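**Student:** I have a structure I would like to understand better, so I am pasting it below and will then ask my questions one at a time.
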Amino acid sequence: MEKFEKLTGIAAPMPLINVDTDMIIPKLFLKTIKRSGLGKNLFDEMRFDDDGHEIPDFVLNKPQYREAEILVAGDNFGCGSSREHAPWAIKDFGIRCVIAPSFADIFYNNCFKNGILPIALPQERVDVLMKDAQKGSNARMIVDLEAQTVTTSDGEIVAFEIDAFKKHCLLEGLDDIALTLEKGPAIDSFEEKAGAARPWV
Amino acid sequence: MSPKTLYDKIWDAHLVHEAEDGTSLLYIDRHLVHEVTSPQAFEGLRMAGRKVRKPENTIAVPDHNVPTTPDRVKGIKNEESRIQVEALDKNAKDFGINYYPVNDVRQGIVHIVGPEQGWTLPGMTVVCGDSHTATHGAFGALAHGIGTSEVEHVLATQTLIQSKSKNMKVEITGQLRPGVTAKDITLSVIGETGTAGGTGYVIEYCGEAIRSLSMEGRMTVCNMAIEGGARAGLIAPDETTFEYINGRPHAPKGAQWEAAMAWWKTLYSDDDAHWDKVITIKGEDIAPVVTWGTSPEDVLPITDTVPNPSDFDGGKVDAAKRALEYMGLQAGQKLSDIEIDTVFIGSCTNGRIEDLRAAAEILKGKKIKEGLRAMVVPGSGLVRAQAEDEGLADIFKDAGFEWRLAGCSMCLAMNPDQLSPGERCAATSNRNFEGRQGRGGRTHLMSPQMAAAAAITGKLTDVREMM
Ligand code: SF4
């Protein structure tokens with residue numbers, strides 16, 4: 001997995017609540033058996049009209065945000081289906097960090113498996129970052145995972161919390177499966193015990 | 001021993017390892033797999049030269065994008081869908097997992113097939129690369145959706161890295177009034193808590209109204225725990241549960257059944273267990289509801305009117321404005337005046353036999369409104385066969401409904417069953433998001449009875465007027 005350490009980039013403002021995974025990547029694009037190539041369809045129904053032309057008002061179509069690497073959004077981001085295609089599309093587009101007051105559970109976990117950093121902050125802190133993002137492309141934020149801070153273009157520092165294990169895995173780019181397989185003996189002995197206690201399973 | 005909730009008990013029974021910071025490795029008893037969220041996971045295994053650790057506890061079925069028209073026996077026309085289903089065929093064979101292919105009568109929506117075949121049992125941990133895995137919580141199993149990377153993780157290790165959620169109790173007291181169903185309970189709870197109200201929690205549903213529900217109804221309730229933001233929904237097992245399970249193909253038999261029962265009967269929340277959040281709703285206060293907006297929390301009794309965005313606070317004001325525009329509705333309009341174009345009865349929320357019986361009861365001897373498109377998509381081939389035996393299929397067909405083969409169908413419209421822009425649908429599924437049932441399509445969620453009533457009048461309708 002790709003590491004996430006420090007990112008300096010343009011932040012796109014998306015002050016919508018309940019951005020669901022159907023919006024992030026409509027189901028039409030789930031029929032792939034690959035992980036890559038979904039970025040061109042990120043937010044497809046909001047980004048393009050019925051004829052496939054860009055909708056100029058949509059934030060990621062505006063010249064100043066086309067290269068955004070950070071997304072600042074409203075409450076309950078990523079709700080809805082469990083599709084990992086959502087973080088795949090976000091990453092493929094080039095966004096590596098999403099900031100919102102809260103995230104849906106499955107989406108939040110999926111981000112970490114794909115080298116994306118989701119940052120949950122209280123509404124008033126998100127508001128500060130939203131305002132900064134709304135300034136356009138001259139405003140570059142700095143996201144520092146090690147220090148657990150986001151720095152606005154004006155130098156204001158916003159600290160965030162993150163689970164220590166998830167942080168470690170992201171910083172090191174660790175593969176969960178390899179880590180778990182190291183615990184093979186513990187899984188073996190659990191299976192033996194559980195098999196005796198609940199043989200019908 | 002300190003008192004525990006049902007969630008605590010199941011969690012503790014499946015804990016393989018716990019790190020100091022609380023990150024835990026949880027053992028997974030059943031892993032359900034479908035064609036859309038699994039290809040990349042199997043590909044990952046192949047690339048790393050890994051095997052499926054417990055193929056005998058892994059069950060796969062194609063459901064999300066299979067066509068539901070009879071011509072599907074001749075093969076899937078849409079190339080991308082066909083490639084995904086063929087990939088699942090191959091992966092099931094190569095990795096030796098249990099499989100119900102498209103043309104097997106047991107095929108159906110993964111969350112209907114699991115319980116129907118007796119794979120889902122009380123006290124288990126159940127996962128699937130699908131958010132509505134919460135459905136299986138109706139059996140007192142800890143069941144939740146996972147992403148594709150986690151699917152790969154479970155395939156390879158039969159475990160999942162988790163941190164523990166908090167405990168939330170949702171109690172529905174008393175009894176439901178006539179015309180009110182499990183779907184109205186679960187939608188009303190979301191209306192009360194909001195779609196993020198359950199975030200960080202596992203919900204246990206309890207109370208007399210829940211106890212009185214059949215297993216079908218309990219599955220409907222737990223199914224939509226995810227729409228309330230919860231990781232999982234649970235209902236403690238009881239006689240209703242045991243009766244449903246007994247005799248199913250993969251349920252324990254003989255001495256194993258006795259042993260299982262002894263444990264299952266300990267699966268309840270202790271009286272003095274700690275709850276981080278409690279919500280109580282009176283069963284009598286729940287009305288037949290419909291959704292008016294584009295989030296499942298946008299729910300109101302059918303007797304109500306479309307709300308005004310200014311009735312809300314914060315981000316919800318803009319969200320409501322946007323929703324009304326998308327749905328083509330005016331504030332103040334009576335919900336029962338909203339005309340529909342299409343009716344969809346099906347999905348893992350309401351595609352079981354009891355749902356079809358309830359809808360058929362309303363439709364018996366009646367015709368759907370002229371010009372309306374209406375379809376029933378049974379949740380599994382076995383539900384379909386049973387409905388045909390019971391004469392329900394004839395009632396639907398006589399009324400003017402299309403009688404389809406099993407699958408997810410218009411719940412998410414990945415197969416050819418889709419709404420066109422502006423088309424308005426009364427649906428028994430679980431999500432009314434923008435574009436969920438087809439680009440520009442407008443979805444109103446409701447119970448099977450309410451959908452049947454709407455099919456007759458061509459408008460959103462209070463089913464109690466027809467009873
Ligand atoms: S019926 Fe709908 S909600 Fe259920 S598994 Fe299929 S697509 Fe998901």
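We label chains A, B, ... in the order they appear in the structure tokens, count residues from 1 in each chain, and number ligands from 1 in the order shown.
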Show which residues sit within 12 Å of Ser212 of chain B, as a PyMOL selection string. Count only C-alpha atoms, and ignore same-chain residues fewer than 6 positions away.
**Tutor:** chain B and resi 172-176+181-182+206+218+235+238-241+283
**Student:** Which polymer residues have any atom within 9 Å of an atom of Ala68 of chain A, counting only C-alpha atoms, with same-chain residues fewer than 6 positions away left out, as a PDB file with N, CA and C atoms, in the first residue's frame?
**Tutor:**
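Final file, around35.pdb:
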ATOM      1  N   GLY A   9      -1.151  20.412  -0.717  1.00  0.00           N
ATOM      2  CA  GLY A   9      -1.946  20.411  -1.936  1.00  0.00           C
ATOM      3  C   GLY A   9      -3.153  21.318  -1.877  1.00  0.00           C
ATOM      4  N   ILE A  10      -3.826  21.407  -3.014  1.00  0.00           N
ATOM      5  CA  ILE A  10      -5.038  22.216  -3.127  1.00  0.00           C
ATOM      6  C   ILE A  10      -6.189  21.471  -2.475  1.00  0.00           C
ATOM      7  N   ALA A  11      -6.978  22.200  -1.715  1.00  0.00           N
ATOM      8  CA  ALA A  11      -8.154  21.593  -1.087  1.00  0.00           C
ATOM      9  C   ALA A  11      -9.409  22.086  -1.795  1.00  0.00           C
ATOM     10  N   ALA A  12     -10.281  21.147  -2.181  1.00  0.00           N
ATOM     11  CA  ALA A  12     -11.536  21.521  -2.838  1.00  0.00           C
ATOM     12  C   ALA A  12     -12.658  21.543  -1.806  1.00  0.00           C
ATOM     13  N   LEU A  60     -14.986  20.268  -8.784  1.00  0.00           N
ATOM     14  CA  LEU A  60     -13.778  19.679  -9.362  1.00  0.00           C
ATOM     15  C   LEU A  60     -13.628  19.994 -10.853  1.00  0.00           C
ATOM     16  N   PHE A  93      -8.423   9.685  -8.822  1.00  0.00           N
ATOM     17  CA  PHE A  93      -8.559  11.076  -9.260  1.00  0.00           C
ATOM     18  C   PHE A  93      -7.360  11.901  -8.792  1.00  0.00           C
ATOM     19  N   GLY A  94      -6.774  11.483  -7.677  1.00  0.00           N
ATOM     20  CA  GLY A  94      -5.615  12.203  -7.141  1.00  0.00           C
ATOM     21  C   GLY A  94      -5.839  12.784  -5.762  1.00  0.00           C
ATOM     22  N   ILE A  95      -7.018  12.516  -5.176  1.00  0.00           N
ATOM     23  CA  ILE A  95      -7.292  13.018  -3.827  1.00  0.00           C
ATOM     24  C   ILE A  95      -6.753  12.026  -2.802  1.00  0.00           C
ATOM     25  N   SER A 137      -7.141  28.078  -5.727  1.00  0.00           N
ATOM     26  CA  SER A 137      -5.929  27.265  -5.824  1.00  0.00           C
ATOM     27  C   SER A 137      -4.678  27.892  -5.220  1.00  0.00           C
TER      28      SER A 137
END
**Student:** Kindly work out which residues sit at most 8 Å from ligand 1, using only C-alpha atoms and all ligand atoms, and give the list as a PyMOL selection string.
**Tutor:** (chain A and resi 81) or (chain B and resi 63-64+109-111+130-133+346-349+379+407-413+429-431)
**Student:** Residues of chain B within 6 Å of chain A, counting only C-alpha atoms, what are they? List them as a PyMOL selection string.
**Tutor:** chain B and resi 39-40+80+130-131+147-148+153+252+256
**Student:** Dump all heavy atoms for the selected residues as a compact mmCIF listing (two decimals), in the first residue's frame?
**Tutor:**
# COMPACT_ATOMS: atom_id res chain seq x y z
N PRO B 39 -14.22 -9.39 -7.03
CA PRO B 39 -13.21 -9.77 -8.02
C PRO B 39 -11.80 -9.28 -7.65
O PRO B 39 -10.84 -10.04 -7.76
CB PRO B 39 -13.68 -9.11 -9.32
CG PRO B 39 -15.04 -8.60 -9.10
CD PRO B 39 -15.35 -8.64 -7.65
N GLN B 40 -11.73 -8.04 -7.17
CA GLN B 40 -10.40 -7.48 -6.84
C GLN B 40 -9.78 -8.20 -5.65
O GLN B 40 -8.56 -8.27 -5.52
CB GLN B 40 -10.52 -5.98 -6.55
CG GLN B 40 -10.91 -5.13 -7.75
CD GLN B 40 -12.42 -5.04 -7.99
OE1 GLN B 40 -13.21 -5.73 -7.35
NE2 GLN B 40 -12.82 -4.19 -8.92
N GLU B 80 -20.14 -6.30 -19.34
CA GLU B 80 -19.42 -6.09 -18.08
C GLU B 80 -20.04 -6.92 -16.95
O GLU B 80 -19.33 -7.49 -16.12
CB GLU B 80 -19.45 -4.61 -17.69
CG GLU B 80 -18.60 -3.75 -18.59
CD GLU B 80 -18.96 -2.28 -18.44
OE1 GLU B 80 -20.17 -1.97 -18.58
OE2 GLU B 80 -18.06 -1.49 -18.16
N ASP B 130 -20.82 -5.97 1.52
CA ASP B 130 -22.09 -5.33 1.20
C ASP B 130 -22.66 -4.75 2.48
O ASP B 130 -22.74 -5.43 3.50
CB ASP B 130 -23.06 -6.38 0.64
CG ASP B 130 -24.34 -5.72 0.18
OD1 ASP B 130 -25.22 -5.47 1.03
OD2 ASP B 130 -24.45 -5.43 -1.01
N SER B 131 -23.10 -3.50 2.40
CA SER B 131 -23.47 -2.82 3.65
C SER B 131 -24.72 -3.42 4.31
O SER B 131 -24.88 -3.30 5.52
CB SER B 131 -23.68 -1.33 3.38
OG SER B 131 -24.56 -1.15 2.31
N GLY B 147 -15.42 -3.61 3.21
CA GLY B 147 -14.93 -3.22 1.88
C GLY B 147 -14.16 -4.35 1.23
O GLY B 147 -13.90 -5.39 1.85
N THR B 148 -13.77 -4.14 -0.01
CA THR B 148 -13.11 -5.21 -0.76
C THR B 148 -11.76 -5.61 -0.17
O THR B 148 -11.41 -6.80 -0.16
CB THR B 148 -12.97 -4.80 -2.24
OG1 THR B 148 -14.28 -4.58 -2.76
CG2 THR B 148 -12.29 -5.87 -3.06
N HIS B 153 -8.93 -9.74 3.12
CA HIS B 153 -8.36 -10.05 4.43
C HIS B 153 -9.07 -11.24 5.08
O HIS B 153 -8.45 -12.14 5.63
CB HIS B 153 -8.47 -8.80 5.32
CG HIS B 153 -7.72 -8.89 6.61
ND1 HIS B 153 -8.25 -9.48 7.72
CD2 HIS B 153 -6.48 -8.47 6.95
CE1 HIS B 153 -7.36 -9.42 8.71
NE2 HIS B 153 -6.29 -8.80 8.27
N PRO B 252 -27.46 -26.85 12.37
CA PRO B 252 -26.99 -28.04 13.07
C PRO B 252 -28.13 -29.04 13.29
O PRO B 252 -29.29 -28.65 13.37
CB PRO B 252 -26.46 -27.50 14.39
CG PRO B 252 -26.99 -26.13 14.53
CD PRO B 252 -27.31 -25.63 13.16
N GLN B 256 -25.73 -31.89 17.85
CA GLN B 256 -25.15 -30.57 17.56
C GLN B 256 -26.20 -29.48 17.78
O GLN B 256 -25.89 -28.40 18.26
CB GLN B 256 -24.70 -30.52 16.09
CG GLN B 256 -23.61 -31.50 15.77
CD GLN B 256 -22.27 -30.80 15.64
OE1 GLN B 256 -22.21 -29.59 15.55
NE2 GLN B 256 -21.20 -31.56 15.66
**Student:** If we count only C-alpha atoms and set the cut-off at 12 Å, which residues sit around Pro185 of chain A, ignoring sequence neighbours fewer than 6 positions away in its own chain? Please answer as a PyMOL selection string.
**Tutor:** (chain A and resi 191-192) or (chain B and resi 16-17+157)
**Student:** How would the residues just picked look written out with C-alpha atoms as a PDB file, in the first residue's frame?
**Tutor:**
ATOM      1  CA  GLU A 191      -9.952 -22.144  15.787  1.00  0.00           C
ATOM      2  CA  GLU A 192      -9.093 -25.178  17.876  1.00  0.00           C
TER       3      GLU A 192
ATOM      4  CA  VAL B  16      -8.481 -13.779  18.632  1.00  0.00           C
ATOM      5  CA  HIS B  17      -6.163 -11.035  19.777  1.00  0.00           C
ATOM      6  CA  THR B 157      -7.111 -15.048   7.334  1.00  0.00           C
TER       7      THR B 157
END
**Student:** One decimal, in Å: what's the spacing between atom CA of Trp264 of chain B and atom CA of Pro122 of chain B?
**Tutor:**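 Interatomic distance here is 6.2 Å.
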**Student:** What does the distance from atom CA of Lys62 of chain A to atom CA of Lys3 of chain A come to in Å, to one decimal?
**Tutor:** 28.7 Å
**Student:** List the spatial neighbours of Thr266 of chain B as a list of chain:residue names - criterion: any atom at most 12 Å away, only C-alpha atoms, same-chain residues fewer than 5 positions off excluded.
**Tutor:**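 Here the qualifying residues turn out to be B:Lys4, B:Thr5, B:Leu6, B:Lys9, B:Ile10, B:Pro122, B:Gly123, B:Gly140, B:Ala236, B:Pro237, B:Asp238, B:Ala259, B:Ala260, B:Met261.
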**Student:** Quick one: residues within 8 Å of Trp403 of chain B, only C-alpha atoms counted, chain neighbours fewer than 2 positions away excluded, as a list in words?
**Tutor:**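 The filter keeps Met375, Val376, Val377, Ala393, Phe396, Lys397, Phe401 and Leu405 of chain B.
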**Student:** Could you take the residues named above and write them with N, CA, C and O atoms, as a tab-separated table (two decimals), in the first residue's frame?
**Tutor:**
chain	number	residue	atom	x	y	z
B	375	MET	N	-43.37	-4.10	-10.80
B	375	MET	CA	-42.69	-5.40	-10.82
B	375	MET	C	-42.44	-5.95	-9.43
B	375	MET	O	-42.24	-5.20	-8.48
B	376	VAL	N	-42.51	-7.27	-9.37
B	376	VAL	CA	-42.14	-7.98	-8.14
B	376	VAL	C	-40.90	-8.78	-8.46
B	376	VAL	O	-40.87	-9.54	-9.43
B	377	VAL	N	-39.86	-8.59	-7.65
B	377	VAL	CA	-38.64	-9.36	-7.81
B	377	VAL	C	-38.40	-10.14	-6.52
B	377	VAL	O	-37.91	-9.58	-5.54
B	393	ALA	N	-48.12	-15.48	-6.96
B	393	ALA	CA	-47.63	-15.04	-8.27
B	393	ALA	C	-48.82	-14.69	-9.16
B	393	ALA	O	-48.80	-13.69	-9.88
B	396	PHE	N	-50.33	-11.31	-8.28
B	396	PHE	CA	-49.52	-10.21	-8.82
B	396	PHE	C	-49.72	-10.07	-10.33
B	396	PHE	O	-49.93	-8.98	-10.84
B	397	LYS	N	-49.65	-11.20	-11.01
B	397	LYS	CA	-49.75	-11.14	-12.48
B	397	LYS	C	-51.14	-10.64	-12.90
B	397	LYS	O	-51.26	-9.82	-13.79
B	401	PHE	N	-48.77	-6.85	-12.43
B	401	PHE	CA	-47.34	-6.80	-12.08
B	401	PHE	C	-46.54	-7.73	-12.98
B	401	PHE	O	-47.04	-8.77	-13.42
B	405	LEU	N	-37.46	-13.00	-11.98
B	405	LEU	CA	-36.53	-13.93	-11.33
B	405	LEU	C	-35.76	-13.17	-10.25
B	405	LEU	O	-35.73	-11.95	-10.22
**Student:** As a PyMOL selection string, please: every residue in segment 165-277 of chain B that DSSP puts in alpha helix (DSSP H).
**Tutor:** chain B and resi 182-193+208-211+215-223+239-245+254-264
**Student:** Can you list, as a list in words, every protein, DNA or RNA residue that comes within 10 Å of Val105 of chain B when you count only C-alpha atoms, leaving out same-chain residues fewer than 2 positions away?
**Tutor:**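 Listed by chain and then number, they are Tyr100, Pro101, Val102, Asn103, Gln107, Gly108, Ser380, Gly381, Leu382, Val383, Arg384, Ala385, Leu405 and Ala406 of chain B.
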**Student:** Among segment 193-402 of chain B, which residues carry a DSSP assignment of strand (DSSP E), reported as a ChimeraX atom specification?
**Tutor:** /B:201-206,232-234,277-282,289-291,299-301,342-345,373-376,402
**Student:** Between A:Lys135, A:Leu179, A:Asp49, A:Ile119, which one has atoms that come closest to Glu161 of chain A, using only C-alpha atoms?
**Tutor:**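 Among A:Lys135, A:Leu179, A:Asp49, A:Ile119, it is A:Ile119 that comes nearest to Glu161 of chain A.
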**Student:** Determine, counting only C-alpha atoms, which protein, DNA and RNA residues have an atom within 9 Å of an atom of Arg53 of chain B; residues of the same chain fewer than 6 positions away are not included. Present the result as a list in words.
**Tutor:**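 The residues satisfying every condition are Val154, Leu155, Ala156, Thr157 and Gln158 of chain B.
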**Student:** Which is closest to Met14 of chain A among B:Gly315, B:Val127, B:Glu216, B:Arg373, if we use only C-alpha atoms?
**Tutor:**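 Result for the nearest residue to Met14 of chain A: B:Gly315.
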